[in-house]
Structure formats: C-alpha cells, structure tokens
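S.K.: The following block contains the structure, expressed as structure tokens.
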Amino acid sequence: MNRTWIILGATSSMARAFARAVSQEGAGVLLAGRDRTDLAALAADCQLRGARVAEAVDFDARQPDGFAALVARMEAEEGELNAAVFVGSMPEQAAIDADPSLIDGTVTDSFTGPARFLQMLAPLMEARGGGTVVGVASVAGDRGRLGNYVYGAAKAGFATYLSGLRNRLTRAGGHVVTVKPGFVDTAMTWGLPGMFLVASPEKVAEDIQKAVRKKRNVIYTPFFWRYIMLIIIHVPEFIFKKMKI
C-alpha cells in the first residue's frame, strides 16, 4: 500500500530523523515548513534513502490561509494518508513575562495552528478509512511549572486535542499517537539550563516508529520520563508551588 506522510515542522531535528526513517520504509514524504532551502535539501536526502516521493511544501502555523492547499496536495496522493506534527515554539518564560504578547505565537505554533490543520485533514483521512496522526506534545504539558508554564499550557491543550481526535479517527479505522518527549537534543533546547538525560532525535524517531506500528495511544520518550512525570504529577500542590522546577 502507498503511504504518504505530511510532516509539519520538518526542519526540526526530531522531524528530520523521523522523515529519514519513514523514507527508508518507502513512504512518501511531504516536508512542510517555512525554510524552503532547508526543506529541499532534506527532500533530496529522503529521496536517496528510498522515499516514494519527497517534496518540500510551505507551512506556517500562523498562516492558516495556506492549509487548504496542503490538504489538497495530500488528497492528490493515493493510498494511506498520515500526518506527523513536530511544530512548536518555546520562548523563555522570562521573555514572556516581559512581553505577554509572545503567548499568542507560542499557543499558535504549539497548539492551535497544528490543530486547525489536522481538523481540516481529518475528513480526508476518514474518507480513506485509515491513516495515522503523530502529534508531538511534551512532558511540560503534564503539569504547569514555574520555568515554562505558557509552553506547557499550549502543549497540554494540544495533547487534549489529540485525545479527542484519536477518539474520532478510531471510528474510521485511523489512529492517533500522542508523543511526550522529555529533553531532546534540538535547536529549541540548546543552551537551556537544567538539562539532564537528554535524548537524541534518532532515539525519539525510533520510539515513534515503534508506537505507530503497535498503535500506541500515548508514549513518553525516552520511556523513563513516564515515571519521572508520574512523580511530578503526584507531588501535592502545597509542596509543588514552592518548588523551582
């Protein structure tokens, strides 16, 4: 069966690793983002790795007028349609404290923009009777923390949206995997203080592939973040609000 993935935010380290991995399986990849030059280079790499089709396409979470053209491009592909969302932005909380208008872009990039696109793609996936959505949320969304609660709130909203979308697409034979990475070696996290147990993008991509094959609902990657967050979630609020994590 022909499989096509549209990968939103394809220039991120995790997205690149995932695009290369599914290309080696012979899937088609539409690499969506804002940097056409970078995307074109990635498309050439994916084609060499065995992608059935590899194409750079424009996507900006803050420009929804372009979403319909992407959905139409997906419709032109035969077979199973899939989407992977790696989009997000994480300004420092101190910067947001100084300029609250940064909240709008953070929420659009990390939640409402991707959700709006997926909402437009969902009927097409239902009509095809299958397909998978991979949505990258974050462990930051499991509990609001002093250092990044705006980003965490956006990712929490996206995770809740993915839960509802999973409920919907399951009825048509599709599936949704919610991915909650811990610290990953990416441009977004470079230089941030307090980083520990940092995973490689390739490891995250491998975990996502396994989750897609096994139709997992929610995964933490690396796996031990499930247990770290289980502890953090259950810290009583009167203690948690005094913690600097």
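Please note that chains go A, B, ... in the order of the structure tokens, that every chain numbers its residues from 1, and that ligands are numbered from 1 in the order shown.
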Compile the contact shell of Arg34 (chain A) as an mmCIF file with C-alpha atoms, in the first residue's frame: residues with an atom at most 12 Å away, counting only C-alpha atoms, same-chain residues fewer than 6 positions apart removed.
M.R.:
```cif
data_model
loop_
_atom_site.group_PDB
_atom_site.id
_atom_site.type_symbol
_atom_site.label_atom_id
_atom_site.label_comp_id
_atom_site.auth_asym_id
_atom_site.auth_seq_id
_atom_site.Cartn_x
_atom_site.Cartn_y
_atom_site.Cartn_z
ATOM 1 C CA LEU A 8 4.800 19.599 9.851
ATOM 2 C CA GLY A 9 7.820 21.408 11.212
ATOM 3 C CA ALA A 10 10.054 19.166 9.130
ATOM 4 C CA THR A 11 13.242 21.156 9.732
ATOM 5 C CA SER A 12 13.363 20.304 13.446
ATOM 6 C CA ALA A 40 14.588 20.967 -0.360
ATOM 7 C CA ALA A 56 9.141 20.406 0.175
ATOM 8 C CA VAL A 57 5.890 22.302 0.834
ATOM 9 C CA ASP A 58 5.139 25.571 2.605
ATOM 10 C CA PHE A 59 3.641 25.522 6.100
ATOM 11 C CA ASP A 60 3.423 28.245 8.701
ATOM 12 C CA ALA A 61 1.227 27.566 11.737
ATOM 13 C CA ARG A 62 0.454 31.282 11.924
ATOM 14 C CA GLN A 63 -0.774 31.464 8.298
ATOM 15 C CA GLY A 66 -2.266 28.097 3.253
ATOM 16 C CA VAL A 87 5.680 22.167 15.251
#
```
S.K.: Could you give me, as CSV, every region 21-138 of chain A residue with an atom at most 10 Å from region 207-211 of chain A, plus its closest atom pair and distance in Å to one decimal, counting only C-alpha atoms, rows ordered by chain then number?
M.R.:
```
residue,atom,partner,partner_atom,distance
A:Ala21,CA,A:Gln209,CA,8.1
A:Val22,CA,A:Gln209,CA,8.1
A:Ala84,CA,A:Ile208,CA,10.0
A:Val134,CA,A:Ile208,CA,7.9
A:Gly135,CA,A:Ile208,CA,9.9
A:Val136,CA,A:Ile208,CA,9.6
```
S.K.: Residues of region 132-162 of chain A classed as strand (DSSP E) by DSSP on the backbone are to be reported as a PyMOL selection string.
M.R.: chain A and resi 132-136
S.K.: Taking C-alpha atoms for each residue, export the selection above as a PDB file, in the first residue's frame.
M.R.:
```
ATOM      1  CA  THR A 132      -2.102   7.733  11.490  1.00  0.00           C
ATOM      2  CA  VAL A 133      -1.547  11.069  13.156  1.00  0.00           C
ATOM      3  CA  VAL A 134       1.577  11.521  15.260  1.00  0.00           C
ATOM      4  CA  GLY A 135       1.300  14.564  17.482  1.00  0.00           C
ATOM      5  CA  VAL A 136       4.317  15.724  19.463  1.00  0.00           C
TER       6      VAL A 136
END
```
S.K.: Taking only C-alpha atoms into account, name the residue in A:Gly79, A:Pro114, A:Gly28, A:Pro181 that is nearest to Glu55 (chain A).
M.R.: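 Among the listed residues, the smallest separation from Glu55 (chain A) belongs to A:Gly28.
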S.K.: Using only C-alpha atoms, which protein or nucleic acid residues come within 9 Å of Gly147 (chain A)? Drop anything in the same chain fewer than 5 positions from it, and give the result as JSON, numbers by chain.
M.R.: {"A": [92, 93, 94, 244, 245]}
S.K.: Near Lys215 (chain A), within 8 Å and counting only C-alpha atoms, which residues show up once chain neighbours fewer than 3 positions away are dropped, as a count of residues only?
M.R.: 5
S.K.: What's the 9 Å shell around Ala199 (chain A), counting only C-alpha atoms, without same-chain residues fewer than 5 positions away, as a ChimeraX atom specification?
M.R.: /A:181-185,204,221-222
S.K.: Take the residues just selected and output them with N, CA and C atoms as a PDB file, in the first residue's frame.
M.R.:
```pdb
ATOM      1  N   PRO A 181       7.864  13.876  24.557  1.00  0.00           N
ATOM      2  CA  PRO A 181       9.312  13.775  24.767  1.00  0.00           C
ATOM      3  C   PRO A 181       9.725  14.503  26.040  1.00  0.00           C
ATOM      4  N   GLY A 182      10.807  13.995  26.637  1.00  0.00           N
ATOM      5  CA  GLY A 182      11.485  14.748  27.677  1.00  0.00           C
ATOM      6  C   GLY A 182      12.480  15.685  27.012  1.00  0.00           C
ATOM      7  N   PHE A 183      13.657  15.829  27.578  1.00  0.00           N
ATOM      8  CA  PHE A 183      14.668  16.691  26.974  1.00  0.00           C
ATOM      9  C   PHE A 183      15.279  15.996  25.764  1.00  0.00           C
ATOM     10  N   VAL A 184      15.248  16.695  24.625  1.00  0.00           N
ATOM     11  CA  VAL A 184      15.789  16.163  23.382  1.00  0.00           C
ATOM     12  C   VAL A 184      16.805  17.159  22.844  1.00  0.00           C
ATOM     13  N   ASP A 185      17.853  16.654  22.244  1.00  0.00           N
ATOM     14  CA  ASP A 185      18.919  17.497  21.707  1.00  0.00           C
ATOM     15  C   ASP A 185      18.445  18.160  20.419  1.00  0.00           C
ATOM     16  N   VAL A 204      14.283   9.288  19.579  1.00  0.00           N
ATOM     17  CA  VAL A 204      12.875   9.671  19.623  1.00  0.00           C
ATOM     18  C   VAL A 204      12.148   9.169  18.378  1.00  0.00           C
ATOM     19  N   THR A 221       8.987   9.552  25.714  1.00  0.00           N
ATOM     20  CA  THR A 221      10.252   9.161  25.120  1.00  0.00           C
ATOM     21  C   THR A 221      11.365  10.085  25.590  1.00  0.00           C
ATOM     22  N   PRO A 222      12.474   9.504  26.067  1.00  0.00           N
ATOM     23  CA  PRO A 222      12.661   8.089  26.385  1.00  0.00           C
ATOM     24  C   PRO A 222      11.657   7.613  27.430  1.00  0.00           C
TER      25      PRO A 222
END
```
S.K.: Restricting the calculation to only C-alpha atoms, which member of A:Glu202, A:Asp65, A:Glu237, A:Glu78 is positioned closest to Gly113 (chain A)?
M.R.: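 Under the stated criterion, the closest residue is A:Asp65.
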S.K.: Mind giving me the straight-line distance from CA of Ile103 (chain A) to CA of Tyr161 (chain A) in Å, one decimal?
M.R.: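 Result for CA of Ile103 (chain A) versus CA of Tyr161 (chain A): 18.7 Å, one decimal.
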S.K.: Ranking A:Leu124, A:Leu162, A:Val107, A:Ala27 by minimum distance to Val150 (chain A) and counting only C-alpha atoms, which one comes first?
M.R.: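 Distance minimum relative to Val150 (chain A) lands on A:Val107.
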S.K.: Which residues are near region 167-169 of chain A? Cut-off 10 Å, only C-alpha atoms, ignore same chain within fewer than 2 positions. Put them as a list of chain:residue names.
M.R.: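 Contacts, in chain order: A:Ala122, A:Pro123, A:Met125, A:Glu126, A:Gly129, A:Gly130, A:Gly131, A:Thr132, A:Val133, A:Tyr161, A:Leu162, A:Ser163, A:Gly164, A:Leu165, A:Arg171, A:Ala172, A:Gly173, A:Gly174, A:His175, A:Val176.
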S.K.: Keeping only N, CA, C and O atoms, write those residues as a PDB file, in the first residue's frame.
M.R.:
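Now in selection.pdb:
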```pdb
ATOM      1  N   ALA A 122      -8.655  15.738   8.801  1.00  0.00           N
ATOM      2  CA  ALA A 122      -9.365  14.584   9.365  1.00  0.00           C
ATOM      3  C   ALA A 122     -10.453  14.014   8.443  1.00  0.00           C
ATOM      4  O   ALA A 122     -10.527  12.780   8.282  1.00  0.00           O
ATOM      5  N   PRO A 123     -11.307  14.840   7.822  1.00  0.00           N
ATOM      6  CA  PRO A 123     -12.331  14.245   6.950  1.00  0.00           C
ATOM      7  C   PRO A 123     -11.746  13.439   5.787  1.00  0.00           C
ATOM      8  O   PRO A 123     -12.314  12.420   5.388  1.00  0.00           O
ATOM      9  N   MET A 125      -8.860  11.795   5.869  1.00  0.00           N
ATOM     10  CA  MET A 125      -8.389  10.540   6.436  1.00  0.00           C
ATOM     11  C   MET A 125      -9.549   9.585   6.703  1.00  0.00           C
ATOM     12  O   MET A 125      -9.447   8.382   6.446  1.00  0.00           O
ATOM     13  N   GLU A 126     -10.648  10.128   7.179  1.00  0.00           N
ATOM     14  CA  GLU A 126     -11.839   9.298   7.406  1.00  0.00           C
ATOM     15  C   GLU A 126     -12.351   8.711   6.097  1.00  0.00           C
ATOM     16  O   GLU A 126     -12.740   7.526   6.043  1.00  0.00           O
ATOM     17  N   GLY A 129     -10.419   5.798   5.193  1.00  0.00           N
ATOM     18  CA  GLY A 129     -10.605   4.653   6.074  1.00  0.00           C
ATOM     19  C   GLY A 129      -9.378   4.223   6.852  1.00  0.00           C
ATOM     20  O   GLY A 129      -9.214   3.042   7.161  1.00  0.00           O
ATOM     21  N   GLY A 130      -8.498   5.159   7.164  1.00  0.00           N
ATOM     22  CA  GLY A 130      -7.316   4.770   7.938  1.00  0.00           C
ATOM     23  C   GLY A 130      -6.343   5.912   8.090  1.00  0.00           C
ATOM     24  O   GLY A 130      -6.704   7.083   7.992  1.00  0.00           O
ATOM     25  N   GLY A 131      -5.072   5.554   8.302  1.00  0.00           N
ATOM     26  CA  GLY A 131      -4.047   6.565   8.472  1.00  0.00           C
ATOM     27  C   GLY A 131      -3.726   6.824   9.936  1.00  0.00           C
ATOM     28  O   GLY A 131      -4.481   6.458  10.830  1.00  0.00           O
ATOM     29  N   THR A 132      -2.591   7.459  10.145  1.00  0.00           N
ATOM     30  CA  THR A 132      -2.102   7.733  11.490  1.00  0.00           C
ATOM     31  C   THR A 132      -1.718   9.190  11.623  1.00  0.00           C
ATOM     32  O   THR A 132      -1.141   9.784  10.701  1.00  0.00           O
ATOM     33  N   VAL A 133      -2.032   9.744  12.770  1.00  0.00           N
ATOM     34  CA  VAL A 133      -1.547  11.069  13.156  1.00  0.00           C
ATOM     35  C   VAL A 133      -0.567  10.882  14.306  1.00  0.00           C
ATOM     36  O   VAL A 133      -0.879  10.214  15.293  1.00  0.00           O
ATOM     37  N   TYR A 161      -6.423  17.869  22.664  1.00  0.00           N
ATOM     38  CA  TYR A 161      -6.990  17.834  21.311  1.00  0.00           C
ATOM     39  C   TYR A 161      -6.704  16.485  20.643  1.00  0.00           C
ATOM     40  O   TYR A 161      -7.596  15.870  20.033  1.00  0.00           O
ATOM     41  N   LEU A 162      -5.478  16.010  20.757  1.00  0.00           N
ATOM     42  CA  LEU A 162      -5.109  14.731  20.138  1.00  0.00           C
ATOM     43  C   LEU A 162      -5.921  13.579  20.716  1.00  0.00           C
ATOM     44  O   LEU A 162      -6.284  12.639  20.000  1.00  0.00           O
ATOM     45  N   SER A 163      -6.220  13.646  22.016  1.00  0.00           N
ATOM     46  CA  SER A 163      -7.044  12.613  22.638  1.00  0.00           C
ATOM     47  C   SER A 163      -8.426  12.563  21.997  1.00  0.00           C
ATOM     48  O   SER A 163      -8.958  11.488  21.684  1.00  0.00           O
ATOM     49  N   GLY A 164      -9.010  13.716  21.783  1.00  0.00           N
ATOM     50  CA  GLY A 164     -10.315  13.769  21.129  1.00  0.00           C
ATOM     51  C   GLY A 164     -10.258  13.334  19.675  1.00  0.00           C
ATOM     52  O   GLY A 164     -11.150  12.626  19.187  1.00  0.00           O
ATOM     53  N   LEU A 165      -9.194  13.747  18.979  1.00  0.00           N
ATOM     54  CA  LEU A 165      -9.039  13.343  17.579  1.00  0.00           C
ATOM     55  C   LEU A 165      -8.848  11.833  17.469  1.00  0.00           C
ATOM     56  O   LEU A 165      -9.367  11.201  16.544  1.00  0.00           O
ATOM     57  N   ARG A 171     -12.868   5.529  14.979  1.00  0.00           N
ATOM     58  CA  ARG A 171     -14.139   5.058  14.434  1.00  0.00           C
ATOM     59  C   ARG A 171     -14.091   4.861  12.922  1.00  0.00           C
ATOM     60  O   ARG A 171     -14.937   4.162  12.359  1.00  0.00           O
ATOM     61  N   ALA A 172     -13.107   5.468  12.265  1.00  0.00           N
ATOM     62  CA  ALA A 172     -12.979   5.332  10.814  1.00  0.00           C
ATOM     63  C   ALA A 172     -11.781   4.475  10.430  1.00  0.00           C
ATOM     64  O   ALA A 172     -11.390   4.442   9.265  1.00  0.00           O
ATOM     65  N   GLY A 173     -11.174   3.799  11.419  1.00  0.00           N
ATOM     66  CA  GLY A 173     -10.039   2.938  11.123  1.00  0.00           C
ATOM     67  C   GLY A 173      -8.692   3.609  11.236  1.00  0.00           C
ATOM     68  O   GLY A 173      -7.660   2.995  10.940  1.00  0.00           O
ATOM     69  N   GLY A 174      -8.673   4.877  11.666  1.00  0.00           N
ATOM     70  CA  GLY A 174      -7.410   5.594  11.829  1.00  0.00           C
ATOM     71  C   GLY A 174      -6.890   5.506  13.247  1.00  0.00           C
ATOM     72  O   GLY A 174      -7.466   4.845  14.108  1.00  0.00           O
ATOM     73  N   HIS A 175      -5.790   6.185  13.494  1.00  0.00           N
ATOM     74  CA  HIS A 175      -5.203   6.157  14.824  1.00  0.00           C
ATOM     75  C   HIS A 175      -4.418   7.436  15.070  1.00  0.00           C
ATOM     76  O   HIS A 175      -3.939   8.079  14.129  1.00  0.00           O
ATOM     77  N   VAL A 176      -4.278   7.800  16.353  1.00  0.00           N
ATOM     78  CA  VAL A 176      -3.517   8.978  16.767  1.00  0.00           C
ATOM     79  C   VAL A 176      -2.564   8.575  17.877  1.00  0.00           C
ATOM     80  O   VAL A 176      -2.979   7.969  18.871  1.00  0.00           O
TER      81      VAL A 176
END
```
S.K.: To one decimal place, how far is CA of Ile7 (chain A) from CA of Ala54 (chain A) in Å?
M.R.: 10.9 Å
S.K.: Which is closer to Phe86 (chain A) than all the others in A:Val53, A:Leu31, A:Leu70, A:Val139, using only C-alpha atoms?
M.R.: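 Checking each candidate against Phe86 (chain A), we get A:Leu31 as the closest.
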S.K.: Please compute the CA of Glu75 (chain A)-CA of Leu30 (chain A) distance, one decimal, in Å.
M.R.: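 Pair CA of Glu75 (chain A) / CA of Leu30 (chain A) returns 12.0 Å.
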S.K.: Write out as a list in words which residues come within 9 Å of Lys155 (chain A) when counting only C-alpha atoms, dropping same-chain ones fewer than 3 positions away.
M.R.: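 Listed by chain and then number, they are Gly88, Val107, Ser110, Phe111, Val136, Ala137, Ser138, Val139, Ala140, Gly141, Asp142, Val150, Tyr151, Gly152, Phe158, Ala159 and Thr160 of chain A.
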S.K.: Quick check for you: according to DSSP on this backbone, which residues of chain A are classed as helix (DSSP H, G or I)? Reply as a PyMOL selection string.
M.R.: chain A and resi 13-24+36-48+64-75+93-98+102-128+139-141+149-170+201-214+225-233+237-240
